[in-house]
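**Student:** This one is protein.txt, compact mmCIF, C-alpha atoms.
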# COMPACT_ATOMS: atom_id res chain seq x y z
CA MET A 19 -14.57 27.59 -32.51
CA THR A 20 -16.35 24.42 -33.53
CA LEU A 21 -16.90 21.85 -30.89
CA GLN A 22 -15.98 18.32 -31.78
CA PRO A 23 -18.78 15.84 -31.26
CA GLN A 24 -18.37 14.26 -27.85
CA SER A 25 -18.80 10.57 -27.20
CA THR A 26 -21.86 9.95 -25.08
CA SER A 27 -19.61 9.31 -22.14
CA ASN A 28 -15.92 9.08 -21.47
CA ALA A 29 -15.49 7.32 -18.17
CA LYS A 30 -12.22 7.43 -16.25
CA VAL A 31 -12.73 5.18 -13.27
CA VAL A 32 -10.20 4.15 -10.63
CA VAL A 33 -11.12 1.21 -8.45
CA GLY A 34 -9.68 1.45 -4.95
CA ILE A 35 -8.27 -1.42 -2.91
CA GLY A 36 -11.18 -3.55 -1.73
CA ASP A 37 -13.63 -1.81 -4.02
CA LEU A 38 -15.64 -2.58 -7.16
CA GLN A 39 -17.12 -0.47 -9.96
CA VAL A 40 -19.34 -1.20 -12.95
CA VAL A 41 -19.98 1.29 -15.78
CA LYS A 42 -21.74 1.49 -19.11
CA ALA A 43 -19.78 3.78 -21.38
CA ASP A 44 -18.64 4.12 -25.00
CA SER A 45 -15.11 5.09 -24.12
CA GLY A 46 -12.66 5.59 -21.30
CA ASP A 47 -11.21 3.03 -18.97
CA ILE A 48 -11.30 1.42 -15.53
CA THR A 49 -8.01 1.03 -13.68
CA THR A 50 -6.85 -0.42 -10.41
CA HIS A 51 -3.37 0.13 -8.99
CA ALA A 52 -1.42 -1.71 -6.35
CA LEU A 53 -2.36 -5.34 -6.85
CA GLY A 54 -0.12 -7.20 -4.42
CA SER A 55 -1.57 -10.42 -3.05
CA CYS A 56 -5.00 -9.05 -4.03
CA ILE A 57 -6.81 -10.03 -7.20
CA GLY A 58 -8.18 -7.66 -9.80
CA LEU A 59 -11.02 -9.01 -11.91
CA THR A 60 -12.41 -7.43 -15.08
CA ILE A 61 -15.75 -8.24 -16.69
CA TYR A 62 -16.93 -6.95 -20.06
CA ASP A 63 -20.05 -7.39 -22.15
CA PRO A 64 -19.15 -6.17 -25.67
CA GLU A 65 -22.78 -6.15 -26.85
CA VAL A 66 -23.97 -3.54 -24.38
CA ARG A 67 -20.54 -2.06 -23.52
CA VAL A 68 -20.84 -2.71 -19.82
CA ALA A 69 -17.57 -3.19 -18.00
CA GLY A 70 -16.68 -3.76 -14.38
CA MET A 71 -13.74 -4.29 -12.11
CA LEU A 72 -13.25 -5.76 -8.65
CA HIS A 73 -10.12 -5.46 -6.47
CA TYR A 74 -10.50 -7.94 -3.61
CA LEU A 75 -8.09 -8.45 -0.73
CA LEU A 76 -9.01 -11.79 0.76
CA PRO A 77 -10.89 -14.98 -0.20
CA HIS A 78 -13.72 -14.65 2.33
CA PRO A 79 -14.80 -12.76 5.46
CA MET A 80 -13.89 -14.16 8.84
CA GLN A 81 -16.30 -16.57 10.43
CA GLY A 82 -19.32 -14.72 11.76
CA GLU A 83 -18.25 -11.41 10.24
CA SER A 84 -21.01 -9.47 8.55
CA VAL A 85 -19.93 -7.46 5.52
CA PRO A 86 -21.55 -4.04 5.11
CA GLU A 87 -22.81 -2.93 1.67
CA GLY A 88 -19.82 -0.71 0.90
CA LYS A 89 -17.24 -3.37 1.82
CA MET A 90 -18.41 -6.21 -0.44
CA GLY A 91 -15.39 -5.68 -2.69
CA MET A 92 -12.97 -6.68 0.07
CA TYR A 93 -13.64 -10.41 -0.34
CA ALA A 94 -13.95 -12.79 -3.28
CA THR A 95 -17.08 -14.49 -1.92
CA THR A 96 -18.96 -11.19 -1.51
CA GLY A 97 -17.34 -9.10 -4.26
CA LEU A 98 -17.84 -11.50 -7.14
CA PRO A 99 -21.64 -11.82 -6.80
CA GLU A 100 -21.91 -8.05 -6.30
CA LEU A 101 -19.82 -7.36 -9.43
CA PHE A 102 -22.02 -9.64 -11.55
CA LYS A 103 -25.24 -8.28 -10.03
CA LYS A 104 -24.27 -4.69 -10.81
CA SER A 105 -23.36 -5.58 -14.38
CA TYR A 106 -26.73 -7.30 -14.92
CA GLU A 107 -28.46 -4.19 -13.59
CA LEU A 108 -26.78 -2.24 -16.39
CA GLY A 109 -27.93 -4.77 -19.00
CA ALA A 110 -24.97 -7.14 -19.22
CA LYS A 111 -25.71 -10.81 -19.90
CA ARG A 112 -23.87 -13.61 -18.18
CA GLU A 113 -23.25 -15.52 -21.39
CA ASN A 114 -21.56 -12.48 -23.00
CA LEU A 115 -19.18 -11.69 -20.19
CA ILE A 116 -15.46 -11.78 -20.87
CA ILE A 117 -13.67 -12.19 -17.54
CA CYS A 118 -9.98 -11.68 -16.80
CA ALA A 119 -7.94 -11.83 -13.61
CA ALA A 120 -4.58 -10.50 -12.45
CA GLY A 121 -2.69 -10.31 -9.16
CA ALA A 122 -2.29 -12.91 -6.39
CA SER A 123 1.42 -12.38 -5.85
CA ASN A 124 3.15 -13.88 -2.84
CA MET A 125 5.93 -12.75 -0.53
CA LEU A 126 8.93 -15.00 0.03
CA GLU A 127 7.77 -17.03 3.00
CA ASP A 128 9.96 -19.13 5.23
CA SER A 129 7.00 -21.02 6.69
CA GLY A 130 4.57 -21.09 3.77
CA THR A 131 1.63 -20.87 6.16
CA PHE A 132 0.18 -17.58 4.97
CA GLN A 133 0.27 -17.47 1.14
CA ILE A 134 -2.59 -15.01 0.83
CA GLY A 135 -2.00 -14.59 -2.91
CA ARG A 136 -2.27 -18.34 -3.49
CA ARG A 137 -5.41 -18.51 -1.33
CA ASN A 138 -6.97 -15.65 -3.28
CA ARG A 139 -6.33 -17.49 -6.53
CA SER A 140 -7.66 -20.81 -5.23
CA MET A 141 -10.88 -19.13 -4.13
CA LEU A 142 -11.29 -17.51 -7.54
CA HIS A 143 -10.92 -20.84 -9.31
CA LYS A 144 -13.26 -22.54 -6.85
CA LEU A 145 -15.98 -19.93 -7.33
CA PHE A 146 -15.60 -20.08 -11.12
CA PHE A 147 -15.78 -23.87 -11.15
CA ARG A 148 -18.84 -23.93 -8.90
CA ASN A 149 -20.66 -21.36 -11.02
CA ASN A 150 -19.58 -22.80 -14.33
CA LEU A 151 -17.69 -19.68 -15.38
CA THR A 152 -14.44 -19.49 -17.30
CA LEU A 153 -11.61 -16.99 -17.28
CA ALA A 154 -10.71 -15.61 -20.71
CA ALA A 155 -7.22 -14.72 -19.48
CA GLU A 156 -5.29 -14.73 -16.25
CA GLU A 157 -1.95 -13.43 -15.03
CA THR A 158 -1.41 -14.37 -11.41
CA GLY A 159 1.33 -15.41 -9.03
CA GLY A 160 4.98 -14.46 -8.80
CA THR A 161 6.19 -11.62 -6.61
CA GLN A 162 5.44 -8.62 -8.83
CA ALA A 163 3.00 -5.81 -8.15
CA ARG A 164 0.54 -5.12 -10.95
CA THR A 165 -1.74 -2.45 -12.37
CA LEU A 166 -4.83 -3.66 -14.22
CA LYS A 167 -6.77 -1.66 -16.80
CA ILE A 168 -9.70 -2.29 -19.11
CA ASP A 169 -10.44 -0.10 -22.11
CA LEU A 170 -14.17 0.55 -22.32
CA ALA A 171 -14.32 1.11 -26.08
CA THR A 172 -12.57 -2.12 -27.06
CA GLY A 173 -12.63 -4.37 -24.00
CA VAL A 174 -8.85 -4.72 -24.22
CA VAL A 175 -7.37 -5.66 -20.85
CA LEU A 176 -3.86 -4.48 -19.99
CA VAL A 177 -1.56 -5.50 -17.16
CA ARG A 178 1.34 -3.27 -16.18
CA THR A 179 4.20 -4.95 -14.34
CA LYS A 180 7.64 -3.51 -13.61
CA GLY A 181 7.11 -0.68 -16.04
CA ASN A 182 6.01 -2.95 -18.91
CA GLU A 183 2.45 -2.96 -20.17
CA VAL A 184 1.23 -6.16 -21.80
CA VAL A 185 -2.10 -7.08 -23.33
CA LEU A 186 -3.84 -9.68 -21.21
CA TRP A 187 -6.91 -9.96 -23.44
CA GLN A 188 -8.07 -8.45 -26.72
CA PRO A 189 -10.89 -9.30 -29.12
CA MET B 13 31.88 -0.88 -5.20
CA ALA B 14 31.61 2.13 -2.91
CA THR B 15 30.40 1.49 0.63
CA LEU B 16 27.44 3.28 2.14
CA GLU B 17 29.84 5.46 4.18
CA GLU B 18 31.73 6.47 1.04
CA HIS B 19 28.46 7.32 -0.69
CA LEU B 20 27.35 9.35 2.30
CA ALA B 21 30.67 11.21 2.46
CA LYS B 22 30.23 12.33 -1.15
CA VAL B 23 26.71 13.63 -0.70
CA THR B 24 26.78 17.28 0.27
CA GLU B 25 23.10 17.84 0.70
CA LEU B 26 21.03 15.02 2.14
CA PRO B 27 17.27 15.05 1.85
CA SER B 28 15.91 16.09 5.21
CA PRO B 29 12.60 16.19 7.02
CA SER B 30 10.71 19.44 7.55
CA ASP B 31 11.08 21.38 10.82
CA ALA B 32 7.54 20.41 11.72
CA LEU B 33 8.32 16.70 11.32
CA LEU B 34 11.54 17.00 13.32
CA LYS B 35 9.63 18.78 16.08
CA ALA B 36 6.97 16.06 16.17
CA LEU B 37 9.70 13.43 16.30
CA ALA B 38 11.72 15.28 18.97
CA ILE B 39 8.84 14.71 21.37
CA LEU B 40 9.60 11.01 21.14
CA ARG B 41 12.98 11.70 22.66
CA GLY B 42 11.27 13.25 25.63
CA GLU B 43 11.73 16.88 24.65
CA ASP B 44 9.04 19.11 26.07
CA PHE B 45 6.69 21.08 23.91
CA GLU B 46 3.69 23.18 24.70
CA ILE B 47 0.56 22.18 22.83
CA ARG B 48 0.51 25.79 21.60
CA GLU B 49 3.66 25.14 19.59
CA LEU B 50 2.01 22.24 17.77
CA GLU B 51 -1.11 24.33 17.17
CA GLU B 52 1.00 27.07 15.59
CA LEU B 53 2.66 24.52 13.32
CA VAL B 54 -0.72 23.30 12.13
CA ARG B 55 -2.12 26.80 11.63
CA SER B 56 0.87 27.81 9.51
CA ASP B 57 0.08 25.11 6.93
CA PRO B 58 -3.36 24.97 5.26
CA SER B 59 -2.89 21.43 4.01
CA MET B 60 -1.85 20.24 7.48
CA SER B 61 -4.93 21.98 8.88
CA MET B 62 -7.06 19.95 6.47
CA THR B 63 -5.48 16.73 7.72
CA VAL B 64 -6.22 17.77 11.30
CA LEU B 65 -9.85 18.54 10.43
CA ARG B 66 -10.32 15.20 8.69
CA LEU B 67 -8.73 13.27 11.51
CA ALA B 68 -10.82 15.04 14.13
CA ASN B 69 -13.92 13.83 12.28
CA SER B 70 -12.60 10.30 11.66
CA ALA B 71 -13.88 7.25 13.52
CA LYS B 72 -10.91 7.28 15.90
CA TYR B 73 -11.63 10.74 17.32
CA ALA B 74 -15.14 11.66 16.21
CA GLY B 75 -17.65 12.60 18.87
CA ALA B 76 -21.37 13.15 18.58
CA GLN B 77 -20.89 16.44 16.77
CA GLU B 78 -18.90 17.13 13.68
CA VAL B 79 -16.18 19.72 14.16
CA GLY B 80 -16.11 22.45 11.54
CA GLY B 81 -13.34 24.71 12.71
CA ILE B 82 -9.62 24.14 13.13
CA ARG B 83 -9.68 25.32 16.76
CA ASP B 84 -12.28 22.69 17.74
CA ALA B 85 -10.49 20.06 15.68
CA MET B 86 -7.23 20.68 17.51
CA SER B 87 -8.80 20.56 20.93
CA ARG B 88 -10.54 17.30 20.05
CA LEU B 89 -7.30 15.69 18.93
CA GLY B 90 -5.37 16.84 21.99
CA PHE B 91 -1.61 16.81 22.28
CA SER B 92 -0.97 13.23 21.16
CA GLY B 93 -3.55 13.33 18.37
CA LEU B 94 -2.10 16.56 17.08
CA ARG B 95 1.41 15.17 17.10
CA ARG B 96 0.13 12.09 15.26
CA ALA B 97 -1.54 14.28 12.63
CA ILE B 98 1.68 16.26 12.13
CA LEU B 99 3.71 13.05 11.85
CA ALA B 100 1.28 11.60 9.30
CA HIS B 101 1.05 14.76 7.23
CA GLN B 102 4.72 15.74 7.19
CA GLY B 103 6.08 12.18 7.24
CA GLY B 104 3.69 11.25 4.42
CA ALA B 105 4.95 14.19 2.35
CA LEU B 106 8.58 13.21 3.01
CA MET B 107 7.98 9.56 2.20
CA ALA B 108 6.12 10.45 -1.01
CA GLN B 109 9.61 11.11 -2.43
CA ALA B 110 10.86 7.64 -1.51
CA GLY B 111 11.19 4.90 -4.08
CA ARG B 112 11.27 6.74 -7.41
CA GLY B 113 14.18 4.50 -8.34
CA TYR B 114 11.87 1.57 -7.56
CA GLY B 115 9.33 2.88 -10.06
CA LEU B 116 7.06 3.90 -7.23
CA ASP B 117 4.73 6.87 -7.70
CA ALA B 118 4.40 9.51 -5.00
CA ASN B 119 0.87 8.60 -3.93
CA ASN B 120 1.63 4.90 -3.55
CA ALA B 121 4.82 5.71 -1.62
CA ARG B 122 2.91 8.00 0.74
CA MET B 123 0.09 5.47 1.24
CA GLY B 124 2.64 2.73 1.87
CA ALA B 125 4.27 4.82 4.60
CA LEU B 126 0.95 5.65 6.25
CA ALA B 127 -0.32 2.08 6.03
CA GLY B 128 2.88 0.88 7.74
CA ALA B 129 2.46 3.52 10.44
CA LEU B 130 -1.17 2.63 11.13
CA THR B 131 -0.53 -1.12 11.24
CA SER B 132 2.52 -0.79 13.49
CA GLU B 133 0.67 1.57 15.81
CA ARG B 134 -2.28 -0.82 16.13
CA LEU B 135 -0.01 -3.80 16.82
CA ALA B 136 1.92 -1.79 19.43
CA GLU B 137 -1.34 -0.91 21.15
CA GLU B 138 -2.39 -4.57 21.27
CA LEU B 139 0.98 -5.59 22.67
CA GLY B 140 1.41 -2.74 25.13
CA GLU B 141 4.39 -1.24 23.30
CA ASN B 142 5.01 2.46 22.68
CA THR B 143 2.47 3.43 19.98
CA ASP B 144 4.19 6.72 19.06
CA VAL B 145 7.51 5.05 18.40
CA ALA B 146 5.78 2.28 16.42
CA PHE B 147 3.83 4.82 14.35
CA SER B 148 7.00 6.79 13.52
CA ALA B 149 9.10 3.73 12.74
CA GLY B 150 6.36 2.24 10.55
CA LEU B 151 5.99 5.56 8.76
CA LEU B 152 9.69 6.07 8.04
CA ARG B 153 10.78 2.43 7.64
CA ASP B 154 11.59 2.85 3.94
CA CYS B 155 13.29 6.26 4.16
CA GLY B 156 16.47 4.58 2.92
CA LYS B 157 14.87 4.49 -0.52
CA ILE B 158 15.19 8.30 -0.57
CA LEU B 159 18.91 7.93 -0.01
CA LEU B 160 19.24 5.29 -2.74
CA ASP B 161 17.51 7.58 -5.24
CA HIS B 162 20.00 10.24 -4.17
CA VAL B 163 23.29 8.36 -4.25
CA ILE B 164 22.62 5.79 -6.99
CA GLY B 165 20.27 7.86 -9.14
CA VAL B 166 16.66 7.18 -10.13
CA GLN B 167 17.36 6.30 -13.77
CA ALA B 168 20.34 4.10 -12.92
CA MET B 169 18.19 2.14 -10.47
CA LEU B 170 15.38 1.71 -13.00
CA ASP B 171 17.92 0.49 -15.57
CA ASP B 172 19.30 -1.99 -13.04
CA PHE B 173 15.78 -3.34 -12.43
CA LYS B 174 15.38 -3.84 -16.19
CA GLU B 175 18.65 -5.72 -16.28
CA LEU B 176 17.54 -7.90 -13.37
CA GLU B 177 14.29 -8.61 -15.23
CA SER B 178 16.19 -10.00 -18.21
CA ARG B 179 18.32 -12.25 -16.04
CA PRO B 180 17.35 -15.90 -16.33
CA GLY B 181 16.77 -18.03 -13.28
CA SER B 182 14.87 -17.89 -10.08
CA GLU B 183 13.63 -14.93 -8.12
CA ILE B 184 16.15 -13.12 -5.92
CA ALA B 185 15.13 -11.51 -2.62
CA GLN B 186 15.10 -7.74 -3.02
CA LEU B 187 17.48 -7.06 -0.12
CA ASP B 188 20.03 -9.55 -1.47
CA TYR B 189 19.72 -7.90 -4.86
CA GLU B 190 20.37 -4.44 -3.38
CA ARG B 191 23.42 -5.61 -1.45
CA GLU B 192 24.77 -7.41 -4.49
CA THR B 193 24.19 -4.46 -6.82
CA TYR B 194 24.94 -1.49 -4.56
CA GLY B 195 26.90 -2.93 -1.64
CA PHE B 196 24.19 -2.00 0.87
CA ASP B 197 20.42 -2.23 1.17
CA HIS B 198 17.67 0.33 1.78
CA ALA B 199 17.19 -0.74 5.41
CA GLU B 200 20.84 -0.01 6.18
CA ALA B 201 20.66 3.24 4.21
CA GLY B 202 17.47 4.18 6.07
CA ALA B 203 19.10 3.68 9.44
CA ALA B 204 22.05 5.88 8.41
CA LEU B 205 19.70 8.57 7.19
CA ALA B 206 17.45 8.39 10.28
CA LYS B 207 20.52 8.64 12.49
CA SER B 208 21.72 11.73 10.63
CA TRP B 209 18.30 13.28 11.28
CA GLY B 210 18.73 12.63 14.99
CA LEU B 211 15.81 10.22 15.31
CA PRO B 212 15.50 8.18 18.53
CA ASP B 213 17.57 4.99 18.68
CA ALA B 214 14.48 2.78 18.86
CA VAL B 215 13.24 4.18 15.54
CA VAL B 216 16.68 3.93 13.90
CA HIS B 217 16.99 0.31 15.03
CA ALA B 218 13.53 -0.64 13.76
CA ILE B 219 14.28 0.94 10.36
CA SER B 220 17.58 -0.92 10.19
CA GLU B 221 16.07 -4.34 10.95
CA HIS B 222 12.57 -4.05 9.48
CA HIS B 223 13.17 -6.70 6.81
CA ASP B 224 15.30 -8.98 8.94
CA PRO B 225 14.12 -9.15 12.55
CA GLN B 226 16.40 -11.11 14.86
CA GLY B 227 13.83 -11.66 17.59
CA GLU B 228 15.47 -9.52 20.25
CA ASN B 229 13.14 -6.55 19.97
CA LEU B 230 9.35 -6.62 19.69
CA LEU B 231 9.20 -3.18 18.05
CA VAL B 232 11.26 -4.53 15.13
CA ASP B 233 8.82 -7.44 14.77
CA ILE B 234 5.92 -4.99 14.83
CA VAL B 235 7.38 -2.83 12.04
CA HIS B 236 8.23 -5.98 10.05
CA VAL B 237 4.62 -7.14 10.26
CA GLY B 238 3.47 -3.61 9.32
CA ASP B 239 5.64 -3.91 6.24
CA ILE B 240 4.15 -7.33 5.39
CA VAL B 241 0.62 -5.92 5.54
CA CYS B 242 1.65 -3.12 3.13
CA ALA B 243 3.27 -5.56 0.69
CA HIS B 244 0.08 -7.62 0.54
CA LEU B 245 -1.90 -4.44 -0.11
CA GLY B 246 0.53 -3.50 -2.88
CA LEU B 247 1.33 -0.25 -1.05
CA GLY B 248 4.85 1.14 -1.08
CA VAL B 249 5.64 -1.51 -3.67
CA GLY B 250 7.27 -0.74 -7.03
CA MET B 251 9.52 -2.80 -9.30
CA ASP B 252 10.76 -4.60 -6.17
CA GLY B 253 7.32 -6.14 -5.89
CA LEU B 254 6.68 -8.55 -3.03
CA ALA B 255 10.16 -10.10 -3.25
CA TYR B 256 10.79 -9.70 0.47
CA LYS B 257 11.21 -12.38 3.08
CA MET B 258 8.35 -12.81 5.50
CA ASN B 259 9.76 -13.79 8.89
CA SER B 260 7.41 -16.31 10.49
CA GLY B 261 9.18 -15.86 13.85
CA SER B 262 8.10 -12.22 13.84
CA LEU B 263 4.50 -13.14 13.14
CA GLU B 264 4.61 -15.66 15.99
CA ARG B 265 6.13 -13.20 18.45
CA VAL B 266 3.53 -10.60 17.51
CA GLY B 267 0.93 -13.36 17.94
CA LEU B 268 -0.52 -13.40 14.45
CA GLU B 269 -1.92 -16.34 12.56
CA LEU B 270 -3.58 -16.15 9.15
CA ASP B 271 -6.92 -14.86 10.50
CA GLN B 272 -5.33 -12.04 12.50
CA LEU B 273 -3.04 -11.05 9.64
CA SER B 274 -6.11 -10.89 7.39
CA HIS B 275 -7.88 -8.82 10.03
CA HIS B 276 -5.03 -6.30 10.10
CA ILE B 277 -5.01 -6.07 6.30
CA ILE B 278 -8.70 -5.13 6.36
CA ARG B 279 -8.33 -2.72 9.31
CA THR B 280 -5.40 -0.92 7.69
CA ILE B 281 -7.13 -0.35 4.38
CA SER B 282 -10.22 0.95 6.22
CA GLU B 283 -8.23 3.34 8.44
CA LEU B 284 -6.18 4.58 5.52
CA ALA B 285 -9.30 6.25 4.11
CA ASP B 286 -8.95 8.95 6.81
CA PHE B 287 -5.68 10.03 5.21
CA ASP B 288 -6.71 9.87 1.56
CA VAL B 289 -6.05 12.96 -0.49
Just give me the structure of the file as structure tokens.
**Tutor:**
Amino acid sequence: MTLQPQSTSNAKVVVGIGDLQVVKADSGDITTHALGSCIGLTIYDPEVRVAGMLHYLLPHPMQGESVPEGKMGMYATTGLPELFKKSYELGAKRENLIICAAGASNMLEDSGTFQIGRRNRSMLHKLFFRNNLTLAAEETGGTQARTLKIDLATGVVLVRTKGNEVVLWQP
Amino acid sequence: MATLEEHLAKVTELPSPSDALLKALAILRGEDFEIRELEELVRSDPSMSMTVLRLANSAKYAGAQEVGGIRDAMSRLGFSGLRRAILAHQGGALMAQAGRGYGLDANNARMGALAGALTSERLAEELGENTDVAFSAGLLRDCGKILLDHVIGVQAMLDDFKELESRPGSEIAQLDYERETYGFDHAEAGAALAKSWGLPDAVVHAISEHHDPQGENLLVDIVHVGDIVCAHLGLGVGMDGLAYKMNSGSLERVGLELDQLSHHIIRTISELADFDV
């Protein structure tokens, strides 16, 4: 039996709710399931093939709350810097990063006082504006639940909603 | 369109909970059990034993020393902890079957059930309500989805969702859609199923009203808020998505504003890790 040449790495990464992961790999993918009012963010540097994903639940920690190392991914204000930091550690460059976002759905509210999905999206846009970053593609809002996936070989970002998979970004 | 009763009359074999789950639920009705009976249930099932071991070492029960053996784990949990572990394990397995017609995979369905149980239990504790009843009702709130899969059919339901998708116009609330399409909704179906299983009235009532609390019963509000937390976390959510009505009266009665709701979302996702498989 002849062994086929293996790619240097074939990463299959699942990002949990409130978690973040960054990998450098030639092939494979990163996926997150169950985006409700949460936001899933993908970053990708095609030059060094570094990709990352964040699945945050809320815009920011509560006042006075300290966020332990392993829980940074729960909030936009802590998860975003951590996601970028980890990608730089693996050689990604800020100017190369292709960033996409999906999620931020809302329930049907009679009072409209909660709107966590909308708040999550506002925080994302605020942080991007402040840091002079742009989103390459975004699919947010509505009431649907989403699955977000990035292909590590190509950087293609896919969003799965109601059984349909659509391309959110491709080179 | 056939009514729920007509559907039920045609079904010869209804999906039913395991003996272990029924036993754990019977305690809620005040039936007496020796702790030895629960211990035997756990011992007879290796995967349930694993759940007990994990729970005994989780933040809620953990002492200074880690427990390695099932005997120590069971004595650390005690009667109520053991019953809770059995409910979570067996109820999680039952609820993993719920929602295939909603395009929900087994793991998400199970996590959605457990997340609802944990949130409802925590709220009940804060409000001085019965935590066991809240845990059970939160766990089984969507059991009606099992019945829908059964009487309507998984593929037929998925096809109906596709058809809904192609319909122009504004978003329809999921419960209205179910009543319009099938003549009944999953909350009503769940109550019928729970009743046929002989579950306590309080649990049956909470399942029946969990999307539409009328304000006459705090337990219903608690389970409704548990469901809201799950929807935000995307747990127990399939093609129906988040198209459910959030009742602000419930949130008020339970005493939650945005900060507290956020707090519960974070707590639930952290506690859920104890039940991860």
**Student:** For each of A:Lys167, A:His78, A:Lys103, A:Lys111, take the minimum atom-to-atom distance to chain B, counting all atoms listed in the file, then give the residue where this is smallest.
**Tutor:** A:His78
**Student:** At a cut-off of 10 Å, using all atoms listed in the file, what residues contact Ser140 of chain A? Leave out same-chain residues fewer than 6 positions from it and give the result as a PyMOL selection string.
**Tutor:** chain A and resi 77+122+134+146
**Student:** Residues of chain B near chain A: apply a cut-off of 9 Å, count all atoms listed in the file, and supply the list as an mmCIF file with C-alpha atoms, in the frame of the given file.
**Tutor:**
data_model
loop_
_atom_site.group_PDB
_atom_site.id
_atom_site.type_symbol
_atom_site.label_atom_id
_atom_site.label_comp_id
_atom_site.auth_asym_id
_atom_site.auth_seq_id
_atom_site.Cartn_x
_atom_site.Cartn_y
_atom_site.Cartn_z
ATOM 1 C CA TYR B 114 11.870 1.570 -7.560
ATOM 2 C CA GLY B 115 9.330 2.880 -10.060
ATOM 3 C CA ASN B 120 1.630 4.900 -3.550
ATOM 4 C CA PHE B 173 15.780 -3.340 -12.430
ATOM 5 C CA LYS B 174 15.380 -3.840 -16.190
ATOM 6 C CA GLU B 177 14.290 -8.610 -15.230
ATOM 7 C CA GLU B 183 13.630 -14.930 -8.120
ATOM 8 C CA ALA B 185 15.130 -11.510 -2.620
ATOM 9 C CA ILE B 240 4.150 -7.330 5.390
ATOM 10 C CA CYS B 242 1.650 -3.120 3.130
ATOM 11 C CA ALA B 243 3.270 -5.560 0.690
ATOM 12 C CA HIS B 244 0.080 -7.620 0.540
ATOM 13 C CA LEU B 245 -1.900 -4.440 -0.110
ATOM 14 C CA GLY B 246 0.530 -3.500 -2.880
ATOM 15 C CA LEU B 247 1.330 -0.250 -1.050
ATOM 16 C CA GLY B 248 4.850 1.140 -1.080
ATOM 17 C CA VAL B 249 5.640 -1.510 -3.670
ATOM 18 C CA GLY B 250 7.270 -0.740 -7.030
ATOM 19 C CA MET B 251 9.520 -2.800 -9.300
ATOM 20 C CA ASP B 252 10.760 -4.600 -6.170
ATOM 21 C CA GLY B 253 7.320 -6.140 -5.890
ATOM 22 C CA LEU B 254 6.680 -8.550 -3.030
ATOM 23 C CA ALA B 255 10.160 -10.100 -3.250
ATOM 24 C CA TYR B 256 10.790 -9.700 0.470
ATOM 25 C CA LYS B 257 11.210 -12.380 3.080
ATOM 26 C CA MET B 258 8.350 -12.810 5.500
ATOM 27 C CA ASN B 259 9.760 -13.790 8.890
ATOM 28 C CA SER B 260 7.410 -16.310 10.490
ATOM 29 C CA GLU B 269 -1.920 -16.340 12.560
ATOM 30 C CA LEU B 270 -3.580 -16.150 9.150
ATOM 31 C CA ASP B 271 -6.920 -14.860 10.500
ATOM 32 C CA LEU B 273 -3.040 -11.050 9.640
ATOM 33 C CA SER B 274 -6.110 -10.890 7.390
ATOM 34 C CA HIS B 275 -7.880 -8.820 10.030
ATOM 35 C CA ILE B 277 -5.010 -6.070 6.300
ATOM 36 C CA ILE B 278 -8.700 -5.130 6.360
ATOM 37 C CA ILE B 281 -7.130 -0.350 4.380
#
**Student:** How many Å separate atom CA of Leu153 of chain A from atom CA of Glu87 of chain A?
**Tutor:**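 Atom CA of Glu87 of chain A lies 26.1 Å from atom CA of Leu153 of chain A.
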**Student:** In Å, rounded to a single decimal, give me how far atom CA of Asp37 of chain A is from atom CA of Gly97 of chain A.
**Tutor:**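 Distance reported for this atom pair: 8.2 Å.
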**Student:** Rank nothing, just name the residue among B:Leu170, B:Val216, B:Val241, B:Met60 nearest to Ala149 of chain B, using only C-alpha atoms.
**Tutor:** B:Val216
**Student:** Check the smallest atom-to-atom distance from each of B:Ser148, B:Ser178, B:Ser28, B:Ser262 to Ala125 of chain B using all atoms listed in the file, then report the winner.
**Tutor:**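 Of the candidates, the smallest distance to Ala125 of chain B is held by B:Ser148.
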**Student:** List every protein, DNA or RNA residue that has at least one atom no more than 9 Å from (1.6, -7.9, 11.4) in the file's coordinates, counting only C-alpha atoms, and write the result as a ChimeraX atom specification.
**Tutor:** /B:131-132,135,233-241,262-263,266-268,272-273,276-277
**Student:** Segment 17-27 of chain B: which residues within 10 Å, counting all atoms listed in the file, same-chain residues fewer than 6 positions away excluded, as a PyMOL selection string?
**Tutor:** chain B and resi 106+109+155+158-160+162-164+196+201+204-205+208-209
**Student:** Report, in Å with one decimal, the straight-line distance from atom CA of Glu138 of chain B to atom CA of Val232 of chain B.
**Tutor:**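 Distance reported for this atom pair: 15.0 Å.
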**Student:** So which one's closest to Thr143 of chain B, B:Leu53, B:Leu99, B:Leu231, B:Ile47? Using only C-alpha atoms, please.
**Tutor:**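 Closest to Thr143 of chain B, using only C-alpha atoms: B:Leu231.
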